[in-house]
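As provided, target-v8.cif (mmCIF, C-alpha atoms) reads as follows.
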data_upload
loop_
_atom_site.label_atom_id
_atom_site.label_comp_id
_atom_site.auth_asym_id
_atom_site.auth_seq_id
_atom_site.Cartn_x
_atom_site.Cartn_y
_atom_site.Cartn_z
CA MET A 1 107.41 120.62 105.13
CA LYS A 2 108.93 117.49 106.70
CA VAL A 3 106.18 114.93 107.39
CA LEU A 4 106.69 111.71 109.33
CA ILE A 5 103.86 109.20 108.76
CA ALA A 6 103.66 106.53 111.48
CA SER A 7 101.54 103.45 110.83
CA ASP A 8 101.46 99.89 112.17
CA TRP A 9 100.23 98.85 108.70
CA TYR A 10 102.08 99.38 105.42
CA ALA A 11 102.61 97.70 102.06
CA PRO A 12 102.46 94.91 101.06
CA VAL A 13 99.52 94.55 103.48
CA VAL A 14 96.24 95.38 101.75
CA ASN A 15 93.66 97.29 103.80
CA GLY A 16 92.09 100.74 104.04
CA VAL A 17 94.79 102.17 106.30
CA VAL A 18 97.56 101.13 103.92
CA THR A 19 95.69 102.51 100.91
CA SER A 20 95.27 105.82 102.72
CA VAL A 21 98.93 105.98 103.78
CA LEU A 22 100.30 105.14 100.33
CA ASN A 23 98.08 107.70 98.60
CA LEU A 24 98.95 110.37 101.16
CA GLN A 25 102.68 109.66 100.96
CA ARG A 26 102.70 109.78 97.15
CA GLU A 27 100.64 112.95 96.83
CA LEU A 28 102.46 114.84 99.59
CA GLU A 29 105.76 114.09 97.84
CA ALA A 30 104.27 115.19 94.51
CA GLN A 31 103.29 118.49 96.16
CA GLY A 32 106.88 119.10 97.28
CA HIS A 33 106.85 117.85 100.87
CA GLU A 34 109.56 115.60 102.31
CA VAL A 35 107.99 112.41 103.67
CA ARG A 36 109.32 109.54 105.76
CA VAL A 37 107.37 106.53 106.99
CA LEU A 38 107.75 104.67 110.29
CA THR A 39 106.08 101.26 110.29
CA LEU A 40 106.34 97.67 111.50
CA SER A 41 108.38 94.94 109.85
CA SER A 42 106.85 91.69 108.66
CA ASP A 43 109.39 89.88 110.86
CA LEU A 44 111.66 90.52 113.84
CA HIS A 45 114.23 92.33 111.70
CA THR A 46 114.51 96.14 111.92
CA HIS A 47 115.66 97.73 108.67
CA GLU A 48 115.29 100.68 106.35
CA VAL A 49 114.31 100.80 102.69
CA GLY A 50 114.56 104.26 101.16
CA ASN A 51 112.55 106.65 103.31
CA VAL A 52 110.68 103.84 105.10
CA THR A 53 111.84 102.56 108.50
CA TYR A 54 110.61 99.07 109.42
CA ILE A 55 110.66 98.18 113.12
CA GLY A 56 110.98 94.52 114.11
CA ALA A 57 107.60 93.09 115.15
CA MET A 58 105.78 89.89 115.99
CA SER A 59 102.31 88.62 115.14
CA ALA A 60 99.40 89.69 117.35
CA GLY A 61 96.84 87.71 115.40
CA LEU A 62 95.15 86.48 118.57
CA ILE A 63 94.13 90.08 119.28
CA TYR A 64 93.13 90.96 115.70
CA PRO A 65 93.80 88.99 112.50
CA GLY A 66 96.93 90.25 110.76
CA ALA A 67 97.93 92.63 113.55
CA ARG A 68 101.56 92.96 114.68
CA LEU A 69 103.26 94.37 117.78
CA ARG A 70 106.68 95.98 118.03
CA THR A 71 109.41 93.86 119.61
CA ALA A 72 112.52 95.95 118.84
CA LEU A 73 113.51 99.07 120.80
CA ALA A 74 114.81 100.59 117.55
CA SER A 75 116.75 103.26 119.46
CA ARG A 76 119.13 103.95 116.57
CA GLN A 77 116.32 104.35 114.05
CA VAL A 78 114.27 106.55 116.37
CA GLN A 79 117.28 108.75 117.06
CA ALA A 80 117.84 109.13 113.31
CA LEU A 81 114.26 110.37 112.90
CA ILE A 82 114.71 112.74 115.83
CA ARG A 83 117.84 114.18 114.15
CA TRP A 84 115.82 114.53 110.92
CA LYS A 85 113.48 116.85 112.88
CA PRO A 86 110.07 116.39 111.27
CA ASP A 87 107.79 119.43 111.24
CA VAL A 88 104.73 117.29 111.90
CA ILE A 89 104.01 113.64 112.72
CA HIS A 90 100.91 112.06 111.22
CA THR A 91 99.97 108.90 113.13
CA GLN A 92 97.61 106.36 111.58
CA CYS A 93 97.34 103.73 114.34
CA GLU A 94 97.00 103.78 118.11
CA PHE A 95 99.50 101.15 119.19
CA SER A 96 103.17 100.36 118.47
CA THR A 97 104.16 103.15 116.09
CA PHE A 98 102.07 105.69 118.01
CA LEU A 99 104.29 105.17 121.06
CA LEU A 100 107.41 105.74 118.96
CA ALA A 101 105.82 108.80 117.34
CA ARG A 102 105.11 110.25 120.78
CA LYS A 103 108.76 109.82 121.76
CA ILE A 104 109.91 111.57 118.56
CA SER A 105 107.39 114.36 119.19
CA GLU A 106 108.67 114.86 122.76
CA HIS A 107 112.25 115.30 121.52
CA THR A 108 111.51 117.49 118.49
CA GLY A 109 108.41 119.45 119.43
CA ALA A 110 106.69 118.28 116.25
CA PRO A 111 102.89 118.17 116.77
CA ILE A 112 101.06 114.89 116.30
CA VAL A 113 98.10 114.83 113.90
CA HIS A 114 96.21 111.57 114.24
CA THR A 115 93.80 109.92 111.80
CA TYR A 116 91.15 107.83 113.52
CA HIS A 117 90.67 105.03 111.00
CA THR A 118 89.03 102.28 113.03
CA VAL A 119 85.74 102.32 114.93
CA TYR A 120 86.92 99.88 117.57
CA GLU A 121 83.51 99.48 119.17
CA ASP A 122 82.54 97.45 116.09
CA TYR A 123 85.42 95.06 116.83
CA THR A 124 84.82 94.40 120.52
CA HIS A 125 84.03 90.74 119.80
CA TYR A 126 87.76 90.23 119.22
CA PHE A 127 88.74 91.22 122.76
CA SER A 128 85.68 91.47 125.04
CA PRO A 129 82.85 89.08 125.92
CA SER A 130 80.73 92.11 126.88
CA ARG A 131 79.89 94.60 124.14
CA ALA A 132 78.91 97.31 126.65
CA TRP A 133 82.17 96.91 128.61
CA GLY A 134 84.11 96.87 125.35
CA ARG A 135 82.55 100.16 124.23
CA ARG A 136 83.42 101.86 127.53
CA MET A 137 87.01 100.68 127.22
CA VAL A 138 87.17 101.93 123.62
CA ALA A 139 85.92 105.38 124.67
CA LEU A 140 88.48 105.62 127.50
CA PHE A 141 91.29 104.41 125.27
CA THR A 142 90.36 106.83 122.49
CA ARG A 143 90.30 109.82 124.84
CA HIS A 144 93.71 108.78 126.18
CA ILE A 145 95.23 108.62 122.69
CA VAL A 146 93.65 111.81 121.37
CA ALA A 147 94.78 113.78 124.44
CA GLN A 148 98.38 113.22 123.28
CA THR A 149 97.80 114.83 119.88
CA ALA A 150 97.34 118.33 118.50
CA CYS A 151 94.21 117.36 116.58
CA VAL A 152 92.43 114.46 114.90
CA ILE A 153 91.52 113.79 111.29
CA ALA A 154 88.24 111.93 110.82
CA PRO A 155 87.61 110.49 107.34
CA THR A 156 83.83 111.04 107.58
CA GLU A 157 81.17 112.86 109.58
CA LYS A 158 80.28 109.47 111.05
CA VAL A 159 83.68 109.23 112.70
CA ARG A 160 83.56 112.82 113.92
CA ALA A 161 80.21 112.11 115.58
CA ILE A 162 81.70 109.04 117.29
CA LEU A 163 84.67 111.05 118.56
CA GLU A 164 82.34 113.72 119.90
CA LYS A 165 80.34 110.99 121.65
CA TYR A 166 83.60 109.86 123.28
CA ARG A 167 84.17 113.50 124.42
CA VAL A 168 87.68 113.77 123.00
CA SER A 169 89.64 116.82 124.10
CA ARG A 170 91.15 117.86 120.77
CA PRO A 171 89.69 119.49 117.65
CA VAL A 172 88.50 117.18 114.87
CA TYR A 173 88.96 117.82 111.16
CA VAL A 174 86.89 115.92 108.60
CA VAL A 175 89.14 115.06 105.64
CA PRO A 176 87.79 112.34 103.32
CA THR A 177 90.47 109.85 102.30
CA GLY A 178 91.23 110.10 98.60
CA ILE A 179 92.15 107.35 96.17
CA ASP A 180 94.34 107.09 93.11
CA LEU A 181 91.58 107.56 90.55
CA SER A 182 93.87 106.68 87.65
CA ARG A 183 93.92 103.03 88.80
CA PHE A 184 90.17 102.69 88.45
CA ALA A 185 89.02 105.26 85.87
CA ALA A 186 90.36 103.44 82.79
CA PRO A 187 87.58 101.96 80.61
CA ALA A 188 86.98 98.24 81.01
CA ASP A 189 88.52 95.97 78.39
CA PRO A 190 85.57 93.81 77.19
CA ALA A 191 87.84 90.87 76.31
CA ARG A 192 89.63 90.99 79.68
CA ARG A 193 86.30 91.33 81.47
CA GLN A 194 84.89 88.29 79.69
CA ALA A 195 88.03 86.23 80.26
CA LEU A 196 87.90 86.92 84.00
CA ARG A 197 84.23 85.93 84.18
CA HIS A 198 84.97 82.76 82.27
CA ARG A 199 87.86 81.88 84.59
CA LEU A 200 85.54 82.20 87.59
CA GLY A 201 82.93 79.99 85.95
CA ILE A 202 80.27 82.70 85.72
CA PRO A 203 77.57 81.78 83.17
CA ALA A 204 77.42 83.99 80.09
CA GLY A 205 74.79 86.68 80.44
CA ASN A 206 74.70 86.63 84.25
CA PHE A 207 74.69 89.85 86.22
CA VAL A 208 77.62 90.08 88.63
CA LEU A 209 77.35 91.52 92.13
CA THR A 210 80.81 92.38 93.46
CA TYR A 211 81.96 92.55 97.07
CA VAL A 212 85.55 93.61 97.83
CA GLY A 213 86.82 93.45 101.39
CA ARG A 214 87.83 91.30 104.35
CA LEU A 215 85.75 88.26 105.10
CA ALA A 216 85.25 89.05 108.76
CA ARG A 217 82.26 88.84 111.06
CA GLU A 218 81.85 92.63 111.33
CA LYS A 219 81.52 92.95 107.53
CA ASN A 220 78.09 91.26 107.71
CA VAL A 221 78.50 89.31 104.45
CA GLU A 222 75.94 86.79 105.71
CA GLU A 223 73.21 89.36 105.12
CA LEU A 224 74.19 89.55 101.46
CA LEU A 225 73.95 85.77 101.22
CA ALA A 226 70.51 85.80 102.89
CA CYS A 227 69.29 88.45 100.43
CA LEU A 228 70.64 86.46 97.50
CA ALA A 229 68.88 83.31 98.73
CA GLU A 230 65.56 85.21 98.71
CA LEU A 231 66.07 86.58 95.21
CA ASP A 232 63.81 84.96 92.63
CA ARG A 233 66.36 85.00 89.80
CA SER A 234 68.85 82.52 88.42
CA ASP A 235 70.93 85.00 86.39
CA VAL A 236 72.81 86.64 89.29
CA THR A 237 76.29 85.73 90.60
CA LEU A 238 77.84 87.15 93.76
CA VAL A 239 81.64 87.45 93.62
CA LEU A 240 83.45 87.81 96.97
CA VAL A 241 86.92 89.32 96.50
CA GLY A 242 89.06 89.12 99.64
CA ASP A 243 89.80 86.72 102.45
CA GLY A 244 89.69 86.59 106.22
CA PRO A 245 88.94 84.58 109.35
CA TYR A 246 85.21 84.29 108.65
CA ARG A 247 85.56 82.62 105.26
CA PRO A 248 84.92 79.04 106.53
CA VAL A 249 81.67 80.19 108.17
CA LEU A 250 80.57 81.94 104.99
CA GLU A 251 81.42 78.91 102.85
CA GLU A 252 79.27 76.77 105.14
CA THR A 253 76.44 79.31 104.92
CA VAL A 254 76.63 79.23 101.13
CA ARG A 255 76.25 75.46 101.20
CA ASP A 256 73.38 75.57 103.68
CA LEU A 257 71.49 78.13 101.59
CA GLY A 258 72.01 76.20 98.36
CA LEU A 259 74.02 79.02 96.79
CA THR A 260 77.09 77.06 95.70
CA ASP A 261 76.51 77.72 92.00
CA CYS A 262 75.92 81.47 92.35
CA VAL A 263 78.58 82.57 94.86
CA LYS A 264 82.26 82.70 93.92
CA PHE A 265 85.03 83.03 96.53
CA VAL A 266 88.00 84.67 94.82
CA GLY A 267 90.29 85.10 97.84
CA MET A 268 93.00 87.74 98.07
CA VAL A 269 94.12 89.36 94.83
CA LYS A 270 97.09 91.57 94.08
CA PRO A 271 96.39 95.31 94.48
CA ALA A 272 97.15 95.87 90.80
CA GLU A 273 94.38 93.40 89.87
CA VAL A 274 91.60 94.75 92.10
CA ALA A 275 90.38 97.21 89.46
CA ASP A 276 89.74 94.32 87.05
CA TYR A 277 87.33 92.75 89.54
CA TYR A 278 85.42 96.00 89.93
CA ARG A 279 85.18 96.41 86.16
CA MET A 280 84.03 92.82 85.79
CA GLY A 281 80.96 93.53 87.92
CA ASP A 282 77.64 95.21 87.29
CA LEU A 283 76.90 96.35 90.85
CA PHE A 284 78.96 96.70 94.04
CA VAL A 285 77.26 95.34 97.17
CA SER A 286 78.01 95.49 100.89
CA ALA A 287 76.05 95.02 104.11
CA SER A 288 78.80 96.31 106.42
CA THR A 289 78.13 99.02 109.00
CA SER A 290 81.63 98.90 110.52
CA GLU A 291 83.32 101.17 107.97
CA THR A 292 84.84 104.53 108.86
CA GLN A 293 84.77 105.59 105.22
CA GLY A 294 84.73 102.47 103.10
CA LEU A 295 87.41 103.04 100.48
CA THR A 296 86.19 100.02 98.51
CA TYR A 297 82.90 101.86 97.93
CA ILE A 298 84.78 104.80 96.44
CA GLU A 299 87.02 102.53 94.36
CA ALA A 300 83.91 100.84 92.99
CA LEU A 301 82.30 104.17 92.08
CA ALA A 302 85.53 105.35 90.43
CA SER A 303 85.43 102.17 88.33
CA GLY A 304 81.96 103.12 87.10
CA LEU A 305 80.33 100.51 89.33
CA PRO A 306 77.10 101.66 91.05
CA ALA A 307 76.70 100.54 94.67
CA LEU A 308 73.94 98.88 96.68
CA CYS A 309 75.01 99.06 100.33
CA ARG A 310 73.48 98.90 103.78
CA LYS A 311 72.54 102.37 105.02
CA ASP A 312 75.30 103.86 107.12
CA ALA A 313 76.41 107.33 108.18
CA CYS A 314 79.77 106.92 106.44
CA LEU A 315 77.96 106.82 103.09
CA THR A 316 76.52 110.34 103.39
CA GLY A 317 77.67 112.18 100.28
CA VAL A 318 79.06 108.96 98.82
CA ILE A 319 76.04 106.92 97.70
CA GLU A 320 73.09 109.03 96.52
CA ASN A 321 69.89 107.01 96.33
CA GLY A 322 68.69 106.58 92.78
CA VAL A 323 71.69 108.43 91.34
CA ASN A 324 74.83 106.30 91.72
CA GLY A 325 73.27 103.48 93.72
CA TRP A 326 71.16 102.95 96.83
CA GLN A 327 71.46 102.52 100.57
CA PHE A 328 69.18 99.72 101.77
CA ARG A 329 67.77 99.20 105.28
CA ASP A 330 66.58 95.61 105.05
CA GLY A 331 66.35 92.61 102.74
CA GLY A 332 63.15 93.88 101.16
CA GLU A 333 64.77 97.12 100.07
CA PHE A 334 67.83 95.26 98.84
CA SER A 335 65.70 93.01 96.62
CA ALA A 336 63.51 95.86 95.33
CA HIS A 337 66.45 98.05 94.34
CA LEU A 338 68.32 95.13 92.81
CA GLN A 339 65.31 94.10 90.70
CA GLU A 340 64.91 97.68 89.49
CA PHE A 341 68.58 97.85 88.57
CA LEU A 342 68.65 94.52 86.75
CA ASP A 343 65.47 95.21 84.77
CA ASP A 344 66.41 98.67 83.45
CA GLY A 345 69.42 98.96 81.14
CA THR A 346 69.03 102.74 80.84
CA LEU A 347 69.16 103.07 84.62
CA ARG A 348 72.27 100.91 84.80
CA ALA A 349 74.06 103.11 82.27
CA SER A 350 73.10 106.39 83.95
CA MET A 351 74.12 105.11 87.38
CA ALA A 352 77.48 103.93 86.07
CA ALA A 353 78.19 107.39 84.64
CA ALA A 354 77.08 109.11 87.85
CA ALA A 355 79.24 106.77 89.95
CA ALA A 356 82.42 107.66 88.05
CA GLU A 357 81.63 111.38 88.10
CA ASN A 358 80.97 111.39 91.85
CA ALA A 359 84.34 109.76 92.56
CA ARG A 360 86.22 112.17 90.27
CA ARG A 361 84.58 115.18 91.89
CA ASP A 362 84.94 114.35 95.57
CA PHE A 363 87.61 111.74 96.26
CA SER A 364 90.88 112.48 94.48
CA ALA A 365 94.13 111.64 96.28
CA GLU A 366 95.50 115.05 95.31
CA GLY A 367 92.72 116.86 97.18
CA PHE A 368 93.15 114.53 100.15
CA ALA A 369 96.84 115.40 100.52
CA ARG A 370 96.20 119.11 100.04
CA HIS A 371 93.60 119.15 102.84
CA ALA A 372 95.88 117.10 105.10
CA ALA A 373 98.70 119.61 104.55
CA GLN A 374 96.37 122.41 105.62
CA VAL A 375 95.75 120.58 108.88
CA TYR A 376 99.50 120.10 109.35
CA ALA A 377 100.17 123.81 108.84
CA ALA A 378 97.53 124.79 111.40
CA ALA A 379 98.88 122.27 113.92
CA ILE A 380 102.43 123.58 113.48
CA GLU A 381 101.26 127.14 114.01
CA GLY A 382 99.23 126.09 117.02
CA GLU A 383 96.15 127.74 115.62
CA GLY A 384 92.68 127.14 117.00
CA LEU A 385 91.63 124.40 114.62
CA CYS A 386 88.13 124.53 113.21
CA GLN A 387 85.85 121.51 113.21
CA SER A 388 86.20 120.66 109.53
CA ALA A 389 88.69 121.19 106.73
#

Let me see the file written as C-alpha cells.
Amino acid sequence: MKVLIASDWYAPVVNGVVTSVLNLQRELEAQGHEVRVLTLSSDLHTHEVGNVTYIGAMSAGLIYPGARLRTALASRQVQALIRWKPDVIHTQCEFSTFLLARKISEHTGAPIVHTYHTVYEDYTHYFSPSRAWGRRMVALFTRHIVAQTACVIAPTEKVRAILEKYRVSRPVYVVPTGIDLSRFAAPADPARRQALRHRLGIPAGNFVLTYVGRLAREKNVEELLACLAELDRSDVTLVLVGDGPYRPVLEETVRDLGLTDCVKFVGMVKPAEVADYYRMGDLFVSASTSETQGLTYIEALASGLPALCRKDACLTGVIENGVNGWQFRDGGEFSAHLQEFLDDGTLRASMAAAAAENARRDFSAEGFARHAAQVYAAAIEGEGLCQSA
C-alpha cells in the first residue's frame, strides 16, 4: 500500500503529533508499506530529503507558539506526489498540509484518513477573547475539515466523544497512538540516574516527581506547584522537563510560593535523552486536561514510572487507580495519593512493574500501525466503517 502522511509538524520538532507520525511511518515501512511524508520546512526553502517533502513555510507563532504556515505553492512537488499515486492519504493537521493533501486526493482519488490530534477548544485563549465563541468556531471548523475526509482516527474515546458532540459527518475510528517501547523499556542505569540527579542539584535521598511536556497555560502546571506548596515534606523535588511560552509565569510562581529549592526547570532536551529523565524520577505527575491522548503518560509508564495525573477522559484504560498510579480530582487527593506512594516502598515497586506491563500490553507502535492500516484498507474499499478499530 502507498501511504502519504501529511503533517504540518515533523522532526526535529518535538511534540505528540511528531512522535505519532514518526512511529507510524517507521512501523508502516517495517510492515511492507511504501510511505512518503509531506510536511512544512523550517524556513522558506522547499526541498526533499529521501521520502520526505518539505514545503517552504513561515512562522505563525502569533497564532500558536511554534506553528508555521505554508508560503510556497510547491506545484512541482505536489505534481510529483500526484504522479506517485498514493493509495491513501493520512492527514495529521488541519491547515497547510491538509490543503495540499486535498488537492492530491482530488487528482488521484486517494481517500483522506484524518487523525484529530488537537482539542482546539482547550486552546481558544490563543485566538479568541470569548471561550464560548471560540468553541462554536472550533465545532464549525472541525465539521468543515472532517466533511472532506473518508473517516477520522481518534486517539482516545475522549476525542471520539468530542467529535460526536461536534456532529461530524464521517465515521470515527478509535486507534490509540503507539510508542517505540524499546526507547523506554531498558532498565535504568543507577550510575547514570544518580549523575543526572546530581547535575540538577537534587539532594541525595529526595523523591523526584517528573513532568514532561510543554510549559503552556493549558497544561495547568500551576496546579502542580500549588499542590507541592501544600505538601508537608522537604524530601520531594519536582522536575519540569520541557519549555514553552508560560515558563516565565511559572518561574515567578515558584518564587512566590517559596519553591525555588524544590523545583527544577530543565528546559528542552534532545528526544534521545527524554527516557533518562523518566528513569531518573519516582513518579510522573501532570495536572493537564487538554490532552487528546497524552503520549508522555504512556512513555512514563513504559519507563516503569507510575503516574499521578488529574482525572481526564483520555486516561481511561491508561492510568488505573491504585495499580499503575492514580487520577486525582483536587489538591487533597493529590496529596493523599502522593503521601501513600512515598511512604510505601512495596507499593512503589508494584506500581512500577504494573506501569511497564500496561504500556507493553496496550501501546506498542507495531499495533498502532497495524490498526491504522486496517482503517486505510476500509477507506480504500469504501466500506461502511465501524465506530472503533

(request) Taking the point (86.0, 98.0, 79.4) as given in the file, collect each protein or nucleic acid residue that comes within 12 Å of it, counting all atoms listed in the file, and present the set as a ChimeraX atom specification. (result) /A:184-195,275-282,303-305

(request) May I ask for the distance between CA of Glu164 (chain A) and CA of Phe141 (chain A), given in Å to one decimal place? (result) 14.0 Å

(request) Can you work out which one of A:Gln374, A:Leu100, A:Val119, A:Thr71 has the shortest atom-to-atom distance to Ser59 (chain A), counting all atoms listed in the file? (result) A:Thr71

(message) Using only C-alpha atoms, which protein or nucleic acid residues come within 7 Å of Ala365 (chain A)? Drop anything in the same chain fewer than 3 positions from it, and give the result as a list of chain:residue names.
(response) A:Asn23, A:Leu24, A:Glu27, A:Gly178, A:Ile179, A:Asp180, A:Phe368, A:Ala369

(request) Please indicate the distance in Å from CA of Ile55 (chain A) to CA of Ser41 (chain A), rounded to one decimal place. (result)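 Distance between the two atoms: 5.1 Å.
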
(request) Select, from A:Ala150, A:Val3, A:Leu140, A:Ala336, the residue with the minimum atom-to-atom distance to Asp87 (chain A), counting only C-alpha atoms. (result) A:Val3

(request) Go through the shown structure with the PyMOL selection byres ((chain A and resi 296) around 10) and write out the matching residues as number ranges by chain. (result) A: 15-16, 179, 211-213, 274, 278, 284, 286, 291, 293-295, 297-302

(request) Could you state which residues are captured by the PyMOL selection byres ((chain A and resi 382) around 12) in this file, as JSON, numbers by chain? (result) {"A": [88, 109, 110, 111, 112, 113, 149, 150, 151, 171, 375, 376, 377, 378, 379, 380, 381, 383, 384, 385, 386]}

Output C-alpha atoms of each residue in that selection to a file, as an mmCIF file, in the frame of the given file.
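The new file selection15.cif reads:
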data_model
loop_
_atom_site.group_PDB
_atom_site.id
_atom_site.type_symbol
_atom_site.label_atom_id
_atom_site.label_comp_id
_atom_site.auth_asym_id
_atom_site.auth_seq_id
_atom_site.Cartn_x
_atom_site.Cartn_y
_atom_site.Cartn_z
ATOM 1 C CA VAL A 88 104.730 117.290 111.900
ATOM 2 C CA GLY A 109 108.410 119.450 119.430
ATOM 3 C CA ALA A 110 106.690 118.280 116.250
ATOM 4 C CA PRO A 111 102.890 118.170 116.770
ATOM 5 C CA ILE A 112 101.060 114.890 116.300
ATOM 6 C CA VAL A 113 98.100 114.830 113.900
ATOM 7 C CA THR A 149 97.800 114.830 119.880
ATOM 8 C CA ALA A 150 97.340 118.330 118.500
ATOM 9 C CA CYS A 151 94.210 117.360 116.580
ATOM 10 C CA PRO A 171 89.690 119.490 117.650
ATOM 11 C CA VAL A 375 95.750 120.580 108.880
ATOM 12 C CA TYR A 376 99.500 120.100 109.350
ATOM 13 C CA ALA A 377 100.170 123.810 108.840
ATOM 14 C CA ALA A 378 97.530 124.790 111.400
ATOM 15 C CA ALA A 379 98.880 122.270 113.920
ATOM 16 C CA ILE A 380 102.430 123.580 113.480
ATOM 17 C CA GLU A 381 101.260 127.140 114.010
ATOM 18 C CA GLU A 383 96.150 127.740 115.620
ATOM 19 C CA GLY A 384 92.680 127.140 117.000
ATOM 20 C CA LEU A 385 91.630 124.400 114.620
ATOM 21 C CA CYS A 386 88.130 124.530 113.210
#

(request) Run the PyMOL selection byres ((chain A and resi 341-349) around 9) against the file shown and list the residues it catches, as a ChimeraX atom specification. (result) /A:207,282-283,306,322-323,325,336-340,350-354

(request) Pick out the closest residue to Asn321 (chain A) from this set: A:Ser290, A:Ala355, A:Ala161, A:Ile202. Count only C-alpha atoms. (result)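 The closest residue to Asn321 (chain A) is A:Ala355.
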
(message) What's around Leu240 (chain A) at 9 Å? Count all atoms listed in the file, leave out sequence neighbours fewer than 4 positions away in its own chain, and write the answer as a ChimeraX atom specification.
(response) /A:209-213,215,263-267
